[in-house]
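Peer 1: If it helps, the file is called start_4.cif and holds mmCIF, C-alpha atoms:
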data_my_file
#
loop_
_atom_site.group_PDB
_atom_site.id
_atom_site.type_symbol
_atom_site.label_atom_id
_atom_site.label_comp_id
_atom_site.auth_asym_id
_atom_site.auth_seq_id
_atom_site.Cartn_x
_atom_site.Cartn_y
_atom_site.Cartn_z
ATOM 1 C CA GLN A 1 60.355 39.103 -10.990
ATOM 2 C CA VAL A 2 62.186 36.164 -9.478
ATOM 3 C CA GLN A 3 60.703 32.773 -10.278
ATOM 4 C CA LEU A 4 61.830 29.778 -8.247
ATOM 5 C CA VAL A 5 61.852 26.279 -9.686
ATOM 6 C CA GLU A 6 61.884 23.275 -7.374
ATOM 7 C CA SER A 7 62.712 19.696 -8.269
ATOM 8 C CA GLY A 8 63.481 16.388 -6.576
ATOM 9 C CA GLY A 9 60.203 15.441 -4.956
ATOM 10 C CA GLY A 10 58.708 11.987 -5.245
ATOM 11 C CA LEU A 11 57.585 8.841 -3.472
ATOM 12 C CA VAL A 12 59.915 7.146 -0.993
ATOM 13 C CA GLN A 13 59.567 4.542 1.729
ATOM 14 C CA ALA A 14 59.922 5.455 5.379
ATOM 15 C CA GLY A 15 63.582 5.650 6.323
ATOM 16 C CA GLY A 16 64.598 6.668 2.824
ATOM 17 C CA SER A 17 66.113 9.880 1.483
ATOM 18 C CA LEU A 18 65.334 12.567 -1.070
ATOM 19 C CA ARG A 19 67.117 15.735 -2.130
ATOM 20 C CA LEU A 20 65.150 18.766 -3.205
ATOM 21 C CA SER A 21 66.672 21.520 -5.330
ATOM 22 C CA CYS A 22 65.579 25.094 -5.888
ATOM 23 C CA ALA A 23 66.953 27.645 -8.302
ATOM 24 C CA PRO A 24 65.722 30.928 -9.766
ATOM 25 C CA SER A 25 64.710 30.655 -13.403
ATOM 26 C CA GLY A 26 66.266 33.965 -14.414
ATOM 27 C CA TYR A 27 68.971 36.429 -13.505
ATOM 28 C CA THR A 28 69.421 37.467 -9.901
ATOM 29 C CA ASP A 29 71.742 40.278 -8.942
ATOM 30 C CA ARG A 30 72.812 38.776 -5.630
ATOM 31 C CA ASN A 31 72.254 35.881 -3.255
ATOM 32 C CA TYR A 32 69.048 35.809 -1.232
ATOM 33 C CA ALA A 33 68.214 34.214 2.079
ATOM 34 C CA MET A 34 66.328 31.057 1.149
ATOM 35 C CA GLY A 35 63.924 28.808 2.959
ATOM 36 C CA TRP A 36 61.943 25.605 2.643
ATOM 37 C CA PHE A 37 58.396 25.282 3.894
ATOM 38 C CA ARG A 38 55.887 22.460 3.640
ATOM 39 C CA GLN A 39 52.149 22.092 3.646
ATOM 40 C CA ALA A 40 50.238 18.897 4.297
ATOM 41 C CA PRO A 41 46.565 18.556 3.323
ATOM 42 C CA GLN A 42 44.294 20.651 5.548
ATOM 43 C CA LYS A 43 47.241 22.019 7.514
ATOM 44 C CA GLU A 44 48.970 25.374 7.653
ATOM 45 C CA ARG A 45 52.167 25.936 5.739
ATOM 46 C CA GLU A 46 55.041 25.375 8.150
ATOM 47 C CA PHE A 47 58.705 26.245 8.295
ATOM 48 C CA VAL A 48 61.253 23.520 7.581
ATOM 49 C CA ALA A 49 64.684 25.125 7.162
ATOM 50 C CA SER A 50 66.414 28.287 5.979
ATOM 51 C CA VAL A 51 69.876 29.480 5.004
ATOM 52 C CA SER A 52 71.299 32.994 5.082
ATOM 53 C CA TRP A 53 72.298 34.736 1.878
ATOM 54 C CA SER A 54 75.931 34.429 2.974
ATOM 55 C CA GLY A 55 75.464 30.668 3.241
ATOM 56 C CA VAL A 56 77.025 30.584 6.693
ATOM 57 C CA ASP A 57 73.948 30.430 8.930
ATOM 58 C CA THR A 58 71.119 27.914 8.923
ATOM 59 C CA SER A 59 67.963 27.292 10.940
ATOM 60 C CA TYR A 60 65.810 24.177 11.259
ATOM 61 C CA ALA A 61 62.423 23.298 12.638
ATOM 62 C CA GLN A 62 62.692 20.958 15.613
ATOM 63 C CA TYR A 63 60.805 18.184 13.818
ATOM 64 C CA VAL A 64 63.427 17.933 11.035
ATOM 65 C CA LYS A 65 66.586 18.722 12.982
ATOM 66 C CA ASN A 66 69.328 16.091 12.569
ATOM 67 C CA ARG A 67 67.433 14.553 9.636
ATOM 68 C CA PHE A 68 67.314 17.372 7.066
ATOM 69 C CA THR A 69 70.168 19.551 5.834
ATOM 70 C CA ILE A 70 69.843 22.798 3.902
ATOM 71 C CA SER A 71 72.757 24.008 1.820
ATOM 72 C CA ARG A 72 73.485 26.352 -1.041
ATOM 73 C CA ASP A 73 75.814 26.353 -3.990
ATOM 74 C CA SER A 74 76.372 30.020 -4.768
ATOM 75 C CA ALA A 75 78.182 29.240 -8.017
ATOM 76 C CA LYS A 76 75.082 27.456 -9.284
ATOM 77 C CA ASN A 77 72.710 29.783 -7.411
ATOM 78 C CA THR A 78 70.936 26.700 -6.120
ATOM 79 C CA VAL A 79 69.627 25.718 -2.698
ATOM 80 C CA TYR A 80 69.241 22.110 -1.624
ATOM 81 C CA LEU A 81 67.299 20.285 1.034
ATOM 82 C CA GLN A 82 68.736 16.865 1.815
ATOM 83 C CA MET A 83 66.098 14.826 3.603
ATOM 84 C CA ASN A 84 67.163 11.652 5.387
ATOM 85 C CA SER A 85 65.333 9.205 7.653
ATOM 86 C CA LEU A 86 62.039 10.289 6.150
ATOM 87 C CA LYS A 87 58.839 9.597 8.042
ATOM 88 C CA PRO A 88 55.230 9.350 6.814
ATOM 89 C CA GLU A 89 54.495 12.590 8.673
ATOM 90 C CA ASP A 90 56.981 14.358 6.377
ATOM 91 C CA THR A 91 54.497 13.871 3.533
ATOM 92 C CA ALA A 92 53.597 17.304 2.157
ATOM 93 C CA VAL A 93 54.062 19.722 -0.699
ATOM 94 C CA TYR A 94 57.441 21.369 -0.181
ATOM 95 C CA TYR A 95 57.906 24.996 -1.192
ATOM 96 C CA CYS A 96 61.086 26.932 -1.784
ATOM 97 C CA ALA A 97 61.073 30.634 -0.896
ATOM 98 C CA ALA A 98 63.414 33.584 -1.331
ATOM 99 C CA ASP A 99 63.830 36.726 0.767
ATOM 100 C CA SER A 100 65.065 39.350 -1.686
ATOM 101 C CA ARG A 101 64.822 42.324 0.681
ATOM 102 C CA ILE A 102 67.927 44.502 0.380
ATOM 103 C CA THR A 103 67.882 45.122 4.140
ATOM 104 C CA THR A 104 68.190 41.455 5.128
ATOM 105 C CA PRO A 105 71.424 40.955 7.102
ATOM 106 C CA ALA A 106 74.033 38.451 5.939
ATOM 107 C CA TRP A 107 73.363 36.218 8.974
ATOM 108 C CA SER A 108 69.555 36.232 8.774
ATOM 109 C CA THR A 109 67.697 32.929 8.390
ATOM 110 C CA PRO A 110 64.035 33.935 8.097
ATOM 111 C CA LEU A 111 61.558 31.617 9.800
ATOM 112 C CA HIS A 112 58.178 33.040 8.800
ATOM 113 C CA THR A 113 56.281 33.017 5.516
ATOM 114 C CA SER A 114 55.794 36.794 5.800
ATOM 115 C CA GLU A 115 59.558 37.327 5.491
ATOM 116 C CA TYR A 116 59.688 35.825 2.007
ATOM 117 C CA ASP A 117 58.590 37.597 -1.154
ATOM 118 C CA HIS A 118 59.136 34.917 -3.790
ATOM 119 C CA TRP A 119 57.803 31.357 -3.813
ATOM 120 C CA GLY A 120 58.150 28.287 -5.966
ATOM 121 C CA GLN A 121 55.242 26.228 -7.219
ATOM 122 C CA GLY A 122 55.911 23.382 -4.791
ATOM 123 C CA THR A 123 57.006 19.776 -5.172
ATOM 124 C CA GLN A 124 55.203 16.788 -3.698
ATOM 125 C CA VAL A 125 57.007 14.537 -1.236
ATOM 126 C CA THR A 126 55.207 11.350 -0.237
ATOM 127 C CA VAL A 127 56.617 8.964 2.356
ATOM 128 C CA SER A 128 54.979 5.558 2.574
ATOM 129 C CA SER A 129 54.990 3.470 5.739
#
I'd like the structure from this file rewritten - as C-alpha cells, please.

Peer 2:
Amino acid sequence: QVQLVESGGGLVQAGGSLRLSCAPSGYTDRNYAMGWFRQAPQKEREFVASVSWSGVDTSYAQYVKNRFTISRDSAKNTVYLQMNSLKPEDTAVYYCAADSRITTPAWSTPLHTSEYDHWGQGTQVTVSS
C-alpha cells in the first residue's frame, strides 16, 4: 500500500509563496502520475495540477495557471507544487494523490479524483489578506 506524505503547508500573506512536497513513505516500483487537489471548508475537492509519470506533461486548473508550478524529482521520488502570488481564495487543505494504475499512459495527467487510488493526509495552506 502506497502512503503519501505531504509537507510545506503553512500561513502566508497574500502575494507570498509556498512550496509543497509529496513523497511516498515506502518503496514504489515505478513512477506514478501525480496530482494536487485542494478542498476549502464546505466546498468540493477540486483539481489543482498534475504531472505525468514520465514527468514531461503537466496540467493546471485555470485558477492557478501561471501562478503554480508542479514538478517532480524522479531521483528523490518526490513531487512539488510551487505556489506563487498566493491569494486568500487559495486557502484550503491541499492533498497529494497518486495514480498507480499500470495502464496509465506515460503522457497522462489525470484531472479527476476518481483517477487516483492513493491520497495523502493533506496539508493546510492559509493565505491572509

Peer 1: Excluding same-chain residues fewer than 6 positions from range 26-39 of chain A, what lies within 6 Å of it counting all atoms listed in the file, as a VMD selection string?

Peer 2: chain A and resid 45 to 53 92 to 100

Peer 1: Point out the residue among A:Ser54, A:Ser21, A:Ser85, A:Thr91 with the least atom-to-atom distance to Ile70 in chain A, counting all atoms listed in the file.

Peer 2: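 Once distances to Ile70 in chain A are computed over all atoms listed in the file, the minimum belongs to A:Ser21.
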
Peer 1: Please evaluate the PyMOL selection byres ((chain A and resi 125) around 9) against the structure above and give the resulting residues as a ChimeraX atom specification.

Peer 2: /A:8-12,18,90-94,123-124,126-127

Peer 1: Quote the spacing between CA of Asn77 in chain A and CA of Trp107 in chain A in Å to one decimal place.

Peer 2: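 Distance reported for this atom pair: 17.6 Å.
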
Peer 1: If you count only C-alpha atoms, which residues fall within 9 Å of Gln13 in chain A, apart from same-chain ones fewer than 5 positions away, as a ChimeraX atom specification?

Peer 2: /A:86-88,126-129

Peer 1: The PyMOL selection byres ((chain A and resi 23) around 6) on the file shown: which residues, as a list in words?

Peer 2: Leu4, Val5, Cys22, Pro24 and Thr78 of chain A

Peer 1: May I ask for the distance between CA of Gly122 in chain A and CA of Leu81 in chain A, given in Å to one decimal place?

Peer 2: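 Between CA of Gly122 in chain A and CA of Leu81 in chain A the gap is 13.2 Å.
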
Peer 1: Edge lengths and centre in Å to one decimal, as JSON, is what I'm after for the box along x, y and z that holds all listed atoms of range 14-32 of chain A once 4 Å is added on each side.

Peer 2:
{"center_x": 66.4, "center_y": 22.9, "center_z": -4.0, "size_x": 20.9, "size_y": 42.8, "size_z": 28.7}

Peer 1: Any idea what the distance is between CA of Lys43 in chain A and CA of Thr113 in chain A?

Peer 2: 14.4 Å

Peer 1: Counting all atoms listed in the file, which residue out of A:Glu44, A:Ser74, A:Val79, A:Asn84 sits closest to Ser7 in chain A?

Peer 2: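 Counting all atoms listed in the file, the residue closest to Ser7 in chain A is A:Val79.
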
Peer 1: Let me make sure I understand: among A:Leu111, A:Met83, A:Ile102, A:Val2, which one has the smallest atom-to-atom distance to Asn66 in chain A if we use only C-alpha atoms?

Peer 2: A:Met83

Peer 1: When distances are computed from only C-alpha atoms, which of A:Thr103, A:Arg19, A:Gly55, A:Ala40 shows the smallest separation from Glu89 in chain A?

Peer 2: A:Ala40

Peer 1: Of the candidates A:Ser71, A:Thr104, A:Ser25, A:Leu20, which one gets nearest to Gln1 in chain A if we count all atoms listed in the file?

Peer 2: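 Using all atoms listed in the file, Gln1 in chain A sits closest to A:Ser25.
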